[in-house]
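Text of my_file.txt, listed as compact mmCIF, C-alpha atoms:
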```
# COMPACT_ATOMS: atom_id res chain seq x y z
CA MET J 1 120.86 127.80 84.06
CA PRO J 2 122.26 130.61 81.87
CA SER J 3 120.22 131.87 78.95
CA PHE J 4 122.52 132.41 75.97
CA GLN J 5 121.84 134.86 73.13
CA THR J 6 123.63 135.61 69.89
CA SER J 7 126.64 137.92 70.15
CA PRO J 8 126.23 141.57 69.08
CA GLY J 9 126.47 141.91 65.34
CA THR J 10 125.46 138.30 64.68
CA ARG J 11 122.09 136.62 64.30
CA ASP J 12 120.50 133.28 63.58
CA ILE J 13 119.24 132.96 60.01
CA LEU J 14 116.29 130.63 60.39
CA PRO J 15 114.12 128.78 57.86
CA PRO J 16 112.66 129.75 55.48
CA HIS J 17 114.94 132.82 55.22
CA ALA J 18 118.06 130.64 55.22
CA GLY J 19 116.70 128.89 52.14
CA ARG J 20 116.56 132.26 50.41
CA TRP J 21 120.28 132.75 51.10
CA ARG J 22 121.05 129.40 49.57
CA ALA J 23 118.85 130.15 46.56
CA LEU J 24 120.70 133.44 46.03
CA THR J 25 124.03 131.61 46.08
CA ASP J 26 122.68 129.08 43.59
CA VAL J 27 121.67 131.87 41.19
CA PHE J 28 125.09 133.47 41.59
CA ALA J 29 126.93 130.19 41.02
CA ASP J 30 124.94 129.44 37.88
CA THR J 31 125.60 132.95 36.53
CA VAL J 32 129.38 132.92 36.97
CA GLN J 33 129.95 129.25 36.21
CA SER J 34 128.42 129.89 32.79
CA ALA J 35 131.52 132.05 32.17
CA GLY J 36 134.03 129.41 33.29
CA TYR J 37 134.48 130.40 36.93
CA GLU J 38 135.13 127.58 39.40
CA CYS J 39 134.42 127.54 43.13
CA ILE J 40 137.17 128.19 45.68
CA ILE J 41 136.79 127.82 49.46
CA PRO J 42 139.59 129.76 51.21
CA PRO J 43 140.19 129.45 54.98
CA MET J 44 138.19 131.57 57.37
CA PHE J 45 141.39 132.68 59.11
CA GLU J 46 144.86 133.48 57.82
CA ASP J 47 148.15 134.88 59.04
CA LEU J 48 147.52 138.49 60.02
CA GLY J 49 150.04 139.62 57.41
CA VAL J 50 147.75 138.51 54.59
CA PHE J 51 145.15 141.06 55.58
CA LEU J 52 147.58 143.84 56.45
CA ARG J 53 147.95 144.13 52.65
CA LEU J 54 144.47 145.64 52.60
CA GLY J 55 146.13 148.87 53.72
CA GLU J 56 147.37 149.86 57.13
CA ALA J 57 145.47 153.15 56.82
CA THR J 58 142.12 151.45 56.26
CA ASP J 59 139.50 151.04 58.97
CA VAL J 60 139.34 147.31 58.21
CA VAL J 61 142.94 146.93 59.41
CA THR J 62 143.11 149.62 62.10
CA LYS J 63 139.73 149.15 63.78
CA GLU J 64 137.72 146.19 62.52
CA MET J 65 139.99 143.14 62.35
CA TYR J 66 139.23 140.15 64.55
CA ASP J 67 142.83 139.14 65.23
CA PHE J 68 144.42 137.08 68.01
CA VAL J 69 147.43 134.96 68.90
CA ASP J 70 146.55 131.27 68.76
CA LYS J 71 147.83 128.42 70.91
CA GLY J 72 150.79 127.96 68.58
CA ASP J 73 151.82 131.58 69.16
CA ARG J 74 150.77 132.53 65.61
CA HIS J 75 149.15 135.93 65.05
CA ILE J 76 146.12 135.22 62.90
CA ALA J 77 142.93 137.01 61.87
CA LEU J 78 139.43 136.03 60.85
CA ARG J 79 139.03 137.07 57.24
CA PRO J 80 137.43 140.53 56.83
CA GLU J 81 137.10 139.89 53.07
CA GLN J 82 138.16 137.15 50.66
CA THR J 83 140.21 138.76 47.88
CA ALA J 84 143.43 138.73 49.88
CA GLY J 85 142.96 135.06 50.78
CA VAL J 86 142.35 134.14 47.14
CA CYS J 87 145.49 136.01 46.11
CA ARG J 88 147.47 134.24 48.83
CA ALA J 89 146.15 130.92 47.46
CA PHE J 90 147.28 131.91 43.97
CA ALA J 91 150.75 132.86 45.23
CA GLN J 92 151.01 129.56 47.12
CA HIS J 93 149.66 127.14 44.47
CA ARG J 94 150.52 128.94 41.20
CA PRO J 95 147.58 127.71 39.09
CA VAL J 96 147.38 128.13 35.32
CA THR J 97 146.26 131.62 34.29
CA PRO J 98 143.87 133.21 33.77
CA TRP J 99 142.58 131.74 37.03
CA LYS J 100 138.84 132.40 37.28
CA VAL J 101 137.25 131.55 40.64
CA TRP J 102 134.14 132.39 42.62
CA TYR J 103 133.39 132.14 46.33
CA SER J 104 130.66 132.52 48.91
CA GLY J 105 130.68 132.57 52.68
CA PRO J 106 131.09 134.60 55.85
CA ASN J 107 133.55 137.36 56.70
CA PHE J 108 134.13 139.14 60.01
CA ARG J 109 134.56 142.80 60.90
CA TYR J 110 134.21 144.45 64.28
CA GLU J 111 132.07 147.43 63.30
CA LYS J 112 128.87 149.05 64.40
CA PRO J 113 125.92 146.90 63.28
CA GLN J 114 123.56 148.71 60.94
CA ALA J 115 120.98 147.97 58.26
CA GLY J 116 122.31 145.14 56.15
CA ARG J 117 125.68 145.20 57.91
CA TYR J 118 126.68 142.74 60.63
CA ARG J 119 129.94 141.73 62.28
CA GLN J 120 129.57 138.35 60.63
CA PHE J 121 128.39 138.93 57.08
CA ASP J 122 128.20 136.86 53.92
CA GLN J 123 129.42 137.77 50.47
CA VAL J 124 129.50 136.17 47.05
CA GLY J 125 132.18 137.22 44.60
CA VAL J 126 134.61 136.42 41.80
CA GLU J 127 138.32 136.92 41.25
CA VAL J 128 140.33 136.58 38.02
CA LEU J 129 144.12 136.46 38.24
CA GLY J 130 146.69 136.54 35.48
CA SER J 131 145.37 139.05 32.94
CA ASP J 132 145.58 142.82 32.42
CA ASP J 133 142.97 142.86 29.63
CA ALA J 134 140.51 145.75 30.01
CA LEU J 135 137.78 143.64 28.40
CA LEU J 136 138.16 141.17 31.27
CA ASP J 137 137.19 144.02 33.59
CA ALA J 138 134.09 144.53 31.45
CA GLU J 139 133.24 140.82 31.64
CA VAL J 140 133.59 140.77 35.42
CA ILE J 141 131.36 143.82 35.84
CA SER J 142 128.82 142.38 33.41
CA LEU J 143 128.56 139.15 35.41
CA ALA J 144 127.57 141.09 38.53
CA TRP J 145 125.05 143.08 36.47
CA GLN J 146 123.55 139.84 35.08
CA PHE J 147 123.29 138.42 38.59
CA PHE J 148 121.30 141.39 39.88
CA ALA J 149 119.04 141.17 36.82
CA ARG J 150 118.41 137.46 37.41
CA LEU J 151 117.30 138.23 40.96
CA GLY J 152 114.75 140.62 39.46
CA LEU J 153 116.41 143.84 40.65
CA ALA J 154 115.68 146.77 38.33
CA LYS J 155 116.79 149.69 40.51
CA VAL J 156 120.54 149.04 40.67
CA GLU J 157 123.03 151.59 39.33
CA LEU J 158 126.59 150.86 38.28
CA VAL J 159 129.17 153.55 39.08
CA VAL J 160 132.68 153.28 37.62
CA ASN J 161 136.01 155.09 37.92
CA SER J 162 139.73 154.56 37.42
CA LEU J 163 142.33 155.18 40.11
CA GLY J 164 145.26 154.74 37.72
CA ASP J 165 148.44 152.79 38.37
CA ALA J 166 150.40 153.03 41.61
CA PRO J 167 152.49 156.13 40.68
CA GLU J 168 149.41 157.98 39.37
CA ARG J 169 147.38 157.03 42.42
CA GLY J 170 150.25 158.16 44.65
CA ALA J 171 150.49 161.54 42.91
CA TYR J 172 146.73 161.97 43.18
CA ILE J 173 146.78 161.18 46.90
CA ASP J 174 149.50 163.81 47.40
CA ALA J 175 147.38 166.37 45.54
CA LEU J 176 144.32 165.49 47.61
CA ARG J 177 146.30 165.78 50.82
CA ALA J 178 147.51 169.25 49.87
CA HIS J 179 143.99 170.31 48.87
CA PHE J 180 142.29 169.11 52.02
CA GLU J 181 145.09 170.40 54.26
CA SER J 182 144.53 173.85 52.78
CA ARG J 183 140.84 173.56 53.76
CA ARG J 184 141.26 171.60 56.96
CA GLY J 185 139.26 174.16 58.92
CA GLU J 186 136.22 173.41 56.76
CA LEU J 187 136.36 169.63 57.25
CA SER J 188 134.32 167.69 59.77
CA GLU J 189 136.20 166.24 62.71
CA GLU J 190 135.82 162.75 61.25
CA SER J 191 137.23 163.74 57.85
CA ALA J 192 140.12 165.61 59.44
CA ALA J 193 141.07 162.38 61.20
CA THR J 194 140.61 160.41 57.96
CA LEU J 195 142.85 162.86 56.10
CA ALA J 196 145.80 161.89 58.27
CA ARG J 197 145.37 158.24 57.35
CA ASN J 198 144.07 158.24 53.78
CA PRO J 199 143.08 161.37 51.83
CA LEU J 200 141.21 159.23 49.27
CA ARG J 201 138.66 158.26 51.88
CA VAL J 202 137.73 161.91 52.48
CA LEU J 203 136.15 161.83 49.00
CA ASP J 204 133.75 159.23 50.36
CA SER J 205 132.32 161.58 53.00
CA LYS J 206 128.57 162.22 52.83
CA ARG J 207 128.67 164.76 55.67
CA PRO J 208 127.29 168.22 54.75
CA ALA J 209 130.25 169.95 56.39
CA ASP J 210 132.64 168.29 53.92
CA ALA J 211 130.60 168.88 50.76
CA ALA J 212 132.30 172.07 49.55
CA ALA J 213 135.86 170.81 50.10
CA VAL J 214 135.06 167.51 48.40
CA ALA J 215 133.34 169.19 45.44
CA SER J 216 136.40 171.35 44.74
CA ALA J 217 138.93 168.53 45.12
CA PRO J 218 141.23 167.58 42.22
CA ARG J 219 139.94 164.93 39.80
CA ILE J 220 141.78 161.67 39.18
CA SER J 221 141.42 162.06 35.38
CA SER J 222 144.03 164.85 35.49
CA PHE J 223 146.58 162.38 36.85
CA LEU J 224 146.00 159.36 34.60
CA SER J 225 148.72 158.35 32.18
CA ALA J 226 147.83 157.79 28.53
CA GLU J 227 148.02 154.04 29.17
CA SER J 228 145.65 154.15 32.16
CA ALA J 229 143.23 156.44 30.33
CA SER J 230 143.24 154.06 27.36
CA HIS J 231 142.61 151.10 29.65
CA PHE J 232 139.62 152.83 31.25
CA ALA J 233 138.23 153.84 27.85
CA ALA J 234 138.43 150.19 26.76
CA VAL J 235 136.55 149.08 29.89
CA LEU J 236 133.76 151.55 29.13
CA ALA J 237 133.67 150.46 25.48
CA GLY J 238 133.33 146.86 26.63
CA LEU J 239 130.42 147.76 28.89
CA ASP J 240 128.80 149.65 26.01
CA ALA J 241 129.20 146.59 23.76
CA LEU J 242 127.55 144.39 26.41
CA GLY J 243 124.69 146.82 26.95
CA VAL J 244 125.56 147.43 30.61
CA PRO J 245 124.56 150.98 31.66
CA TYR J 246 126.94 152.89 33.92
CA ARG J 247 127.76 156.30 35.36
CA VAL J 248 131.34 157.56 35.62
CA ASN J 249 132.02 159.15 39.01
CA GLU J 250 135.55 160.42 39.60
CA MET J 251 134.82 160.66 43.32
CA LEU J 252 134.34 156.89 43.59
CA VAL J 253 137.02 155.28 45.73
CA ARG J 254 137.06 151.89 47.38
CA GLY J 255 137.71 151.26 51.07
CA LEU J 256 140.75 149.02 50.52
CA ASP J 257 144.19 150.25 49.47
CA TYR J 258 144.98 147.52 46.94
CA TYR J 259 142.73 148.86 44.15
CA ARG J 260 144.35 150.12 40.93
CA ARG J 261 142.85 151.31 37.67
CA THR J 262 139.25 150.10 37.32
CA THR J 263 137.02 150.55 40.35
CA PHE J 264 133.27 150.12 40.43
CA GLU J 265 130.32 149.94 42.77
CA PHE J 266 126.70 148.81 42.52
CA VAL J 267 124.16 150.88 44.45
CA SER J 268 120.50 150.13 45.06
CA LEU J 269 118.32 153.12 44.31
CA SER J 270 115.59 151.55 46.45
CA LEU J 271 117.65 151.69 49.66
CA ASP J 272 118.61 154.63 51.89
CA GLY J 273 121.36 156.67 50.28
CA ALA J 274 123.81 156.28 53.16
CA GLN J 275 123.51 152.47 53.17
CA ASN J 276 122.78 151.62 49.55
CA ALA J 277 125.94 149.92 48.26
CA VAL J 278 125.17 146.29 47.45
CA GLY J 279 128.51 145.33 45.93
CA GLY J 280 131.65 146.52 44.25
CA GLY J 281 135.17 145.74 43.25
CA GLY J 282 137.95 146.61 40.88
CA ARG J 283 141.42 145.80 39.67
CA TYR J 284 144.12 145.04 42.21
CA ASP J 285 147.32 144.51 40.18
CA GLY J 286 150.23 144.06 42.57
CA LEU J 287 148.42 142.34 45.45
CA VAL J 288 149.68 138.86 44.52
CA GLU J 289 153.21 140.23 44.37
CA ASP J 290 152.78 141.73 47.86
CA LEU J 291 151.84 138.24 49.08
CA GLY J 292 154.97 136.55 47.75
CA GLY J 293 153.83 135.66 44.25
CA PRO J 294 154.86 136.90 40.80
CA ALA J 295 153.64 140.21 39.40
CA THR J 296 150.04 139.31 38.46
CA GLY J 297 147.08 141.29 37.23
CA GLY J 298 143.84 140.75 39.11
CA VAL J 299 140.25 141.95 39.04
CA GLY J 300 137.11 140.95 40.92
CA PHE J 301 134.12 141.98 42.97
CA ALA J 302 132.21 141.08 46.12
CA ILE J 303 128.46 141.40 46.67
CA GLY J 304 126.90 141.66 50.12
CA VAL J 305 124.16 139.09 50.62
CA ASP J 306 122.29 141.03 53.34
CA ARG J 307 122.17 144.31 51.45
CA THR J 308 121.20 142.56 48.23
CA LEU J 309 118.29 140.80 49.93
CA LEU J 310 117.20 144.11 51.48
CA ALA J 311 117.16 145.55 47.95
CA CYS J 312 115.10 142.57 46.80
CA ASP J 313 112.63 143.21 49.62
CA ALA J 314 112.41 146.90 48.67
CA GLU J 315 111.63 145.99 45.05
CA GLY J 316 109.37 143.04 45.95
CA VAL J 317 111.42 140.43 44.06
CA PHE J 318 113.19 137.15 44.86
CA GLY J 319 110.87 135.96 47.63
CA THR J 320 111.39 133.62 50.55
CA GLY J 321 113.28 130.39 50.11
CA ALA J 322 110.73 128.06 51.69
CA VAL J 323 111.16 124.46 50.60
CA GLY J 324 108.18 123.26 48.58
CA ILE J 325 106.75 119.89 49.64
CA ASP J 326 105.07 117.74 47.01
CA ALA J 327 103.44 115.23 49.36
CA PHE J 328 102.86 114.81 53.08
CA VAL J 329 102.19 111.21 54.11
CA VAL J 330 99.57 110.73 56.84
CA ASP J 331 99.80 107.26 58.38
CA VAL J 332 97.55 106.36 61.33
CA THR J 333 98.51 102.67 61.42
CA ASP J 334 102.01 101.81 62.62
CA GLY J 335 103.98 104.40 60.62
CA MET J 336 105.73 101.83 58.45
CA ALA J 337 103.71 102.77 55.35
CA ALA J 338 104.76 106.41 55.78
CA LEU J 339 108.37 105.31 56.16
CA ARG J 340 108.27 103.34 52.90
CA LEU J 341 106.19 105.78 50.86
CA THR J 342 108.23 108.88 51.73
CA GLU J 343 111.39 106.98 50.79
CA ASP J 344 109.86 105.93 47.45
CA LEU J 345 108.80 109.49 46.66
CA ARG J 346 112.16 111.01 47.60
CA ALA J 347 114.02 108.40 45.56
CA ALA J 348 111.87 109.30 42.54
CA GLY J 349 112.81 112.99 42.89
CA TYR J 350 109.79 114.34 44.80
CA THR J 351 109.88 116.15 48.13
CA ALA J 352 107.99 114.32 50.86
CA ASP J 353 107.52 114.64 54.60
CA ARG J 354 105.51 112.91 57.32
CA ALA J 355 104.51 113.13 60.98
CA PHE J 356 105.99 111.08 63.81
CA ASP J 357 105.07 109.97 67.32
CA GLY J 358 101.81 108.20 66.35
CA ARG J 359 99.73 111.36 66.18
CA SER J 360 96.00 111.36 65.42
CA MET J 361 94.56 111.77 61.94
CA LYS J 362 93.43 115.31 62.82
CA SER J 363 96.88 116.28 64.09
CA GLN J 364 98.65 114.81 61.05
CA MET J 365 96.30 116.55 58.61
CA LYS J 366 97.00 119.88 60.35
CA ALA J 367 100.71 119.17 59.93
CA ALA J 368 100.12 118.42 56.24
CA ASP J 369 98.37 121.79 55.80
CA ARG J 370 101.17 123.64 57.63
CA SER J 371 103.81 121.99 55.45
CA GLY J 372 102.45 123.65 52.32
CA ALA J 373 102.38 120.31 50.53
CA SER J 374 100.45 119.95 47.29
CA PHE J 375 99.03 116.55 48.27
CA ALA J 376 98.31 114.54 51.39
CA VAL J 377 98.86 110.80 51.02
CA ILE J 378 96.62 109.10 53.60
CA VAL J 379 97.04 105.57 54.93
CA GLY J 380 94.38 104.38 57.38
CA ALA J 381 93.39 100.91 58.46
CA ASP J 382 91.35 100.25 55.29
CA GLU J 383 94.11 101.49 52.99
CA ALA J 384 96.73 99.47 54.86
CA ALA J 385 94.68 96.28 54.50
CA ALA J 386 94.23 96.86 50.77
CA ALA J 387 97.81 98.16 50.17
CA THR J 388 96.36 101.41 48.83
CA CYS J 389 96.54 105.08 49.79
CA THR J 390 94.22 108.05 49.41
CA VAL J 391 95.78 111.00 47.61
CA ARG J 392 94.07 114.30 48.52
CA ASP J 393 94.70 117.54 46.68
CA LEU J 394 95.15 120.00 49.55
CA SER J 395 94.08 122.98 47.46
CA SER J 396 90.80 121.52 46.14
CA SER J 397 90.15 118.67 48.64
CA GLU J 398 89.57 116.32 45.68
CA GLN J 399 90.90 112.85 46.36
CA VAL J 400 91.47 109.50 44.72
CA THR J 401 92.55 106.08 45.97
CA VAL J 402 95.53 104.45 44.26
CA PRO J 403 97.69 101.38 44.95
CA GLN J 404 100.67 102.21 47.13
CA SER J 405 102.85 100.69 44.42
CA GLY J 406 101.39 103.20 41.95
CA LEU J 407 101.81 106.34 44.06
CA VAL J 408 104.91 107.57 42.22
CA ALA J 409 103.22 107.07 38.85
CA HIS J 410 100.15 108.97 40.07
CA LEU J 411 102.22 111.97 41.19
CA ALA J 412 104.13 111.86 37.91
CA ALA J 413 100.82 112.15 36.05
CA THR J 414 99.76 115.19 38.12
CA LEU J 415 103.03 116.97 38.95
CA GLY J 416 105.23 115.71 36.14
CA THR J 417 108.27 113.46 36.34
CA ARG J 418 111.35 114.45 38.34
CA THR J 419 115.00 113.54 38.19
CA PRO J 420 115.47 110.49 40.44
CA ARG J 421 117.73 110.99 43.45
CA ARG J 422 118.58 107.31 43.88
CA ASN J 423 117.59 103.88 42.67
CA PRO J 424 114.15 102.66 43.80
CA ARG J 425 113.92 99.90 46.37
```

Using structure tokens, write down the structure from this file.
Amino acid sequence: MPSFQTSPGTRDILPPHAGRWRALTDVFADTVQSAGYECIIPPMFEDLGVFLRLGEATDVVTKEMYDFVDKGDRHIALRPEQTAGVCRAFAQHRPVTPWKVWYSGPNFRYEKPQAGRYRQFDQVGVEVLGSDDALLDAEVISLAWQFFARLGLAKVELVVNSLGDAPERGAYIDALRAHFESRRGELSEESAATLARNPLRVLDSKRPADAAAVASAPRISSFLSAESASHFAAVLAGLDALGVPYRVNEMLVRGLDYYRRTTFEFVSLSLDGAQNAVGGGGRYDGLVEDLGGPATGGVGFAIGVDRTLLACDAEGVFGTGAVGIDAFVVDVTDGMAALRLTEDLRAAGYTADRAFDGRSMKSQMKAADRSGASFAVIVGADEAAAATCTVRDLSSSEQVTVPQSGLVAHLAATLGTRTPRRNPR
């Protein structure tokens, strides 16, 4: 028989770590929903053309796309990110603006696996479509900042920049191309190849060989129109008003071609400098229009779940997502008492588990200890005959016998009441 393993760049996320992922998403959802964002679930694959709008000079499109022709002879691709899919949804359904949505889920890129980066990777993010307001940019950035703070992260830095509108960005790219062409002999082989595709991406190089050429490159601020400069100033004023600290870095560019005006990135100062970006985004006015919709302003961000959890590990915050068990029912009679009592506890809002297969008292008590439950609820022959149960505190070993019909009330007196999940039997 063959022995199958996960494919390169993928992995199984097992309990309790998977619970931590879900808990992170819950914190994110609560943060952004407080600002009126609603959940969207776009498809995991789209027509290839949707993602070609990311920029035909970007590595995502040229090297990393999982694309194929399906059985209906359609050329489709697994989503490498979710902004383009959200914009396609807007162009298709034309919702009322401003349209504020959030998402979570996997994306797919064929790239070299590295720390916090896999070929199947999860992100959480927001998109707002239908407004050009600079203070909306500030709100979006602030939401990401609040999310990191709620996780307990204290060593995250926000870096911001503006790439201007399309004509300004185009003029800046031409100036960068001329600059780097004049110093081509000084560039690394990798940056020389990048220059042919996208001069902006050369600014991203961390290679020592490129440092001098990058440091002397033109700055985007010299190319911004008065309108773009005013927009960026308003974004920074909004961040100041919200108390969000930031650093302006004119070398900051994003890896996708659709970004205009505001761009930003969050970096973890507790992670290795080459792999420390935990999220980022910006404004992408014009993307909806490219996908067949009306001219529409848009701004958003995406946060990498893996990198963010690595940052949490480095700072010792936001621990494992193990499910807490209130009570573990130990039944050494016929198992029916455990069946009924766990159902009663779950209906009343408590978490409860039990053993199966008619195991011994010793075996079931070991299972209760392993579960991490606060209490063991024990039903032996004597308790079954008297319709009672013994409730043992697993941290102190203190125990008391209570009627089975009073078990929920007893836990309520010790653990507090919970929100019922369903009507009692």

Practice problem: Around the point (92.3, 99.4, 47.4) in the file's coordinates, collect all residues with an atom within 12 Å, using all atoms listed in the file, and return them as a list in words. | Solution: Val379, Gly380, Ala381, Asp382, Glu383, Ala384, Ala385, Ala386, Ala387, Thr388, Cys389, Thr390, Val400, Thr401, Val402, Pro403, Gln404, Ser405 and Gly406 of chain J

Box centre and edge lengths (Å, one decimal), axis-aligned, stretch 11-25 of chain J plus 3 Å each side, as JSON:
```
{"center_x": 118.3, "center_y": 132.7, "center_z": 55.2, "size_x": 17.4, "size_y": 13.8, "size_z": 24.3}
```

Practice problem: Write out as a ChimeraX atom specification the residues lying within 8 Å of stretch 26-35 of chain J, counting all atoms listed in the file and excluding same-chain residues fewer than 5 positions away. | Solution: /J:102,124,126,143,146-147,150-151

Pull the closest atom pair for each residue of stretch 229-251 of chain J that gets at most 6 Å from stretch 160-172 of chain J, along with the distance in Å to one decimal, counting only C-alpha atoms, ordering rows by chain and then ascending residue number, as JSON lines.
```
{"residue": "J:Val248", "atom": "CA", "partner": "J:Val160", "partner_atom": "CA", "distance": 4.9}
{"residue": "J:Asn249", "atom": "CA", "partner": "J:Asn161", "partner_atom": "CA", "distance": 5.8}
{"residue": "J:Glu250", "atom": "CA", "partner": "J:Asn161", "partner_atom": "CA", "distance": 5.6}
```

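For the residues J:Arg117, J:Arg283, J:Arg346, J:Arg53, ranking by smallest atom-to-atom distance to J:Leu136 using all atoms listed in the file places J:Arg283 first.
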
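Counting all atoms listed in the file and comparing J:Leu195, J:Val332, J:Ala373, J:Val235, the residue that lies closest to J:Ile141 is J:Val235.
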
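Distances from J:Ala322, J:Gln114, J:Ala192, J:Asp393 to J:Gly19 were compared using only C-alpha atoms, and the smallest one belongs to J:Ala322.
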
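With atom CA of J:Gly293 on one side and atom CA of J:Leu252 on the other, the separation reads 28.8 Å.
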
Practice problem: Go through J:Asp210, J:Asp70, J:Asp285, J:Asp174 one by one, measure the shortest atom-to-atom distance of each to J:Val128 using all atoms listed in the file, and give the residue with the smallest value. | Solution: J:Asp285

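The space separating atom CA of J:Val202 from atom CA of J:Phe180 comes to 8.5 Å.
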
Self-check item: Spatial sel., origin (134.3, 167.0, 49.7), limit 12 Å, only C-alpha atoms, listed as a VMD selection string
Solution: chain J and resid 176 179 to 180 183 to 184 186 to 188 191 to 192 195 199 to 219 251 to 252
